[in-house]
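**Q** Pasting model_4.tsv below, which is TSV, C-alpha atoms.
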```tsv
chain	number	residue	atom	x	y	z
A	29	MET	CA	38.34	-8.83	-29.70
A	30	ALA	CA	38.39	-5.06	-30.20
A	31	LYS	CA	41.69	-3.36	-30.94
A	32	TRP	CA	42.44	0.06	-29.51
A	33	VAL	CA	43.54	2.62	-32.06
A	34	LEU	CA	45.31	5.77	-31.01
A	35	PRO	CA	44.76	8.87	-33.12
A	36	ASP	CA	47.82	10.22	-34.91
A	37	THR	CA	46.97	13.91	-35.18
A	38	ILE	CA	45.19	16.62	-33.23
A	39	GLU	CA	42.61	16.70	-36.03
A	40	GLU	CA	41.81	13.01	-35.46
A	41	ILE	CA	41.59	13.62	-31.74
A	42	ASN	CA	39.21	16.54	-32.21
A	43	THR	CA	37.11	14.49	-34.65
A	44	MET	CA	36.86	11.76	-32.03
A	45	GLY	CA	35.75	14.35	-29.48
A	46	LEU	CA	38.41	13.32	-26.98
A	47	VAL	CA	40.12	16.57	-26.04
A	48	THR	CA	40.28	20.17	-27.12
A	49	GLU	CA	43.28	21.59	-28.94
A	50	GLN	CA	43.95	23.85	-25.94
A	51	LEU	CA	44.08	20.86	-23.61
A	52	TYR	CA	46.15	18.79	-26.03
A	53	HIS	CA	48.72	21.46	-26.84
A	54	ARG	CA	49.03	23.52	-23.71
A	55	GLY	CA	47.56	21.52	-20.90
A	56	ASN	CA	46.04	24.68	-19.45
A	57	ALA	CA	42.80	23.01	-18.47
A	58	LEU	CA	44.62	20.16	-16.74
A	59	ASP	CA	47.02	22.48	-14.97
A	60	ASP	CA	44.21	24.82	-13.93
A	61	TYR	CA	42.32	21.84	-12.53
A	62	GLN	CA	45.44	20.75	-10.64
A	63	LYS	CA	45.83	24.21	-9.08
A	64	LYS	CA	42.22	24.12	-7.92
A	65	CYS	CA	42.76	20.67	-6.41
A	66	LEU	CA	45.78	21.88	-4.47
A	67	LYS	CA	43.69	24.58	-2.81
A	68	LEU	CA	41.49	21.80	-1.41
A	69	ALA	CA	44.29	19.46	-0.34
A	70	ILE	CA	44.19	18.67	3.37
A	71	PHE	CA	46.35	15.72	4.39
A	72	PRO	CA	49.48	15.00	6.47
A	73	LYS	CA	52.25	16.51	4.33
A	74	ASP	CA	54.94	14.45	6.09
A	75	LYS	CA	53.24	11.29	4.82
A	76	ALA	CA	52.10	12.67	1.48
A	77	LEU	CA	53.36	9.92	-0.81
A	78	VAL	CA	51.92	7.08	1.23
A	79	TYR	CA	48.67	8.89	2.00
A	80	LEU	CA	48.01	10.03	-1.56
A	81	GLY	CA	49.00	6.68	-3.07
A	82	LEU	CA	46.74	4.72	-0.75
A	83	LYS	CA	43.81	7.09	-1.21
A	84	LEU	CA	44.24	6.97	-4.99
A	85	ALA	CA	44.11	3.17	-4.86
A	86	GLY	CA	41.02	3.36	-2.64
A	87	GLU	CA	39.17	5.67	-5.02
A	88	ALA	CA	40.14	3.51	-8.01
A	89	GLY	CA	38.76	0.60	-6.02
A	90	GLU	CA	35.46	2.45	-5.60
A	91	VAL	CA	35.28	2.81	-9.40
A	92	ALA	CA	35.90	-0.91	-9.75
A	93	GLU	CA	33.28	-1.68	-7.09
A	94	LYS	CA	30.58	0.27	-8.92
A	95	ILE	CA	31.36	-1.55	-12.15
A	96	GLY	CA	31.57	-4.92	-10.42
A	97	LYS	CA	28.24	-4.44	-8.67
A	98	ASN	CA	26.69	-3.53	-12.00
A	99	ILE	CA	28.03	-6.73	-13.54
A	100	ARG	CA	26.72	-8.75	-10.59
A	101	ASP	CA	23.33	-7.08	-10.21
A	102	GLY	CA	22.69	-5.95	-13.78
A	103	GLY	CA	20.44	-3.01	-14.46
A	104	GLN	CA	21.41	0.49	-15.39
A	105	LEU	CA	24.96	1.57	-14.51
A	106	ASP	CA	25.01	4.63	-12.27
A	107	ASP	CA	26.91	6.80	-14.76
A	108	LEU	CA	26.77	9.90	-12.56
A	109	GLY	CA	27.99	8.02	-9.50
A	110	LEU	CA	30.79	6.48	-11.54
A	111	ALA	CA	31.73	9.89	-12.95
A	112	LYS	CA	31.94	11.31	-9.43
A	113	GLU	CA	34.25	8.49	-8.38
A	114	LEU	CA	36.40	9.16	-11.45
A	115	GLY	CA	36.57	12.77	-10.30
A	116	ASP	CA	37.92	11.59	-6.94
A	117	VAL	CA	40.54	9.52	-8.77
A	118	MET	CA	41.49	12.59	-10.81
A	119	TRP	CA	41.84	14.68	-7.65
A	120	TYR	CA	44.31	12.26	-6.10
A	121	ILE	CA	46.25	11.98	-9.37
A	122	ALA	CA	46.48	15.78	-9.58
A	123	VAL	CA	47.71	16.20	-6.02
A	124	LEU	CA	50.09	13.23	-6.20
A	125	ALA	CA	51.56	14.56	-9.45
A	126	GLU	CA	52.22	17.90	-7.75
A	127	HIS	CA	53.87	16.12	-4.83
A	128	LEU	CA	56.19	14.41	-7.34
A	129	GLY	CA	56.96	17.75	-8.99
A	130	TYR	CA	54.87	17.37	-12.16
A	131	ASP	CA	52.09	19.36	-13.74
A	132	LEU	CA	49.18	17.26	-14.98
A	133	SER	CA	49.90	18.41	-18.52
A	134	GLU	CA	53.41	16.96	-18.22
A	135	ILE	CA	52.01	13.63	-17.00
A	136	ALA	CA	49.49	13.58	-19.87
A	137	ASP	CA	52.17	14.46	-22.43
A	138	MET	CA	54.56	11.77	-21.15
A	139	ASN	CA	51.77	9.21	-21.33
A	140	ILE	CA	50.79	10.09	-24.91
A	141	LYS	CA	54.44	10.00	-25.99
A	142	LYS	CA	54.88	6.59	-24.35
A	143	LEU	CA	51.75	5.22	-26.01
A	144	ASN	CA	52.65	6.67	-29.42
A	145	ASP	CA	56.11	5.10	-29.11
A	146	ARG	CA	54.53	1.74	-28.33
A	147	LYS	CA	52.17	2.15	-31.27
A	148	GLU	CA	55.06	2.89	-33.62
A	149	ARG	CA	56.89	-0.22	-32.37
A	150	ASN	CA	53.65	-2.27	-32.57
A	151	VAL	CA	53.76	-3.17	-28.86
A	152	LEU	CA	50.59	-1.49	-27.56
A	153	GLY	CA	49.28	-4.91	-26.59
A	154	GLY	CA	51.21	-7.09	-24.22
A	155	SER	CA	52.56	-6.38	-20.78
A	156	GLY	CA	55.50	-4.77	-19.06
A	157	ASP	CA	56.27	-1.16	-18.26
A	158	ASN	CA	59.20	-0.81	-20.64
A	159	ARG	CA	57.99	-2.68	-23.72
```
Before anything else, please render the file you have as structure tokens.

**A**
Amino acid sequence: MAKWVLPDTIEEINTMGLVTEQLYHRGNALDDYQKKCLKLAIFPKDKALVYLGLKLAGEAGEVAEKIGKNIRDGGQLDDLGLAKELGDVMWYIAVLAEHLGYDLSEIADMNIKKLNDRKERNVLGGSGDNR
């Protein structure tokens, strides 16, 4: 079974081609993306949390459906179609984060800190939110 390894430094991250230093350090690209998403956000604001949460789950389900159909039917995975669905997931994450009062860069930073903490405590594997 493959083990996931998180990079320790920005240099490792850049070597792996995962993110740019600008994105990693400042979050400008993520926050700029979030601002663009908000300009396109049309939904009932009085039901924002429920609406955005349900739509996010629906879009994530569409990603899962594309992968599941590929497993069932075989053949070439529709990478472009899957990427477009991932974009829809990102849009809902961006707008939901704003609704909760967070910039995407803050969400990304919190996540990396959480994962690095788990790595340091050797609990990346396993289950539970607060391990």

**Q** Distance atom CA of A:Glu87-atom CA of A:Val117, one decimal place?

**A**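 Computing the Euclidean distance for atom CA of A:Glu87 and atom CA of A:Val117 yields 5.5 Å.
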
**Q** Return as CSV the residues of stretch 79-117 of chain A lying at most 12 Å from stretch 51-75 of chain A, together with the closest atom-to-atom pair for each and the distance in Å to one decimal, counting all atoms listed in the file, with rows in chain order and ascending residue number.

**A**
```
residue,atom,partner,partner_atom,distance
A:Tyr79,CA,A:Lys75,CA,5.9
A:Leu80,CA,A:Lys75,CA,8.3
A:Gly81,CA,A:Lys75,CA,10.1
A:Leu82,CA,A:Lys75,CA,10.8
A:Lys83,CA,A:Phe71,CA,10.6
A:Gly115,CA,A:Cys65,CA,10.8
A:Asp116,CA,A:Cys65,CA,10.3
A:Val117,CA,A:Cys65,CA,11.6
```

**Q** Using all atoms listed in the file, which of the listed residues (A:Ala88, A:Ala76, A:Ile99, A:Val151) sits closest to A:Leu114?

**A** A:Ala88

**Q** Give me, as number ranges by chain, all polymer residues having an atom no more than 9 Å from stretch 89-92 of chain A, counting only C-alpha atoms and skipping those fewer than 5 positions away in the same chain.

**A** A: 84, 97, 109-111, 113-114, 117

**Q** Can you work out which one of A:Leu108, A:Met138, A:Leu152, A:Ile121 has the shortest atom-to-atom distance to A:Ala85, counting all atoms listed in the file?

**A**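 Of all the options, A:Ile121 lies closest to A:Ala85.
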
**Q** Please indicate the distance in Å from atom CA of A:Tyr120 to atom CA of A:Ala136, rounded to one decimal place.

**A**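 Value for the atom CA of A:Tyr120-atom CA of A:Ala136 distance: 14.8 Å.
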
**Q** So what do you get for atom CA of A:Glu134 versus atom CA of A:Ala122, distance-wise?

**A**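 That distance, rounded to one decimal, is 11.1 Å.
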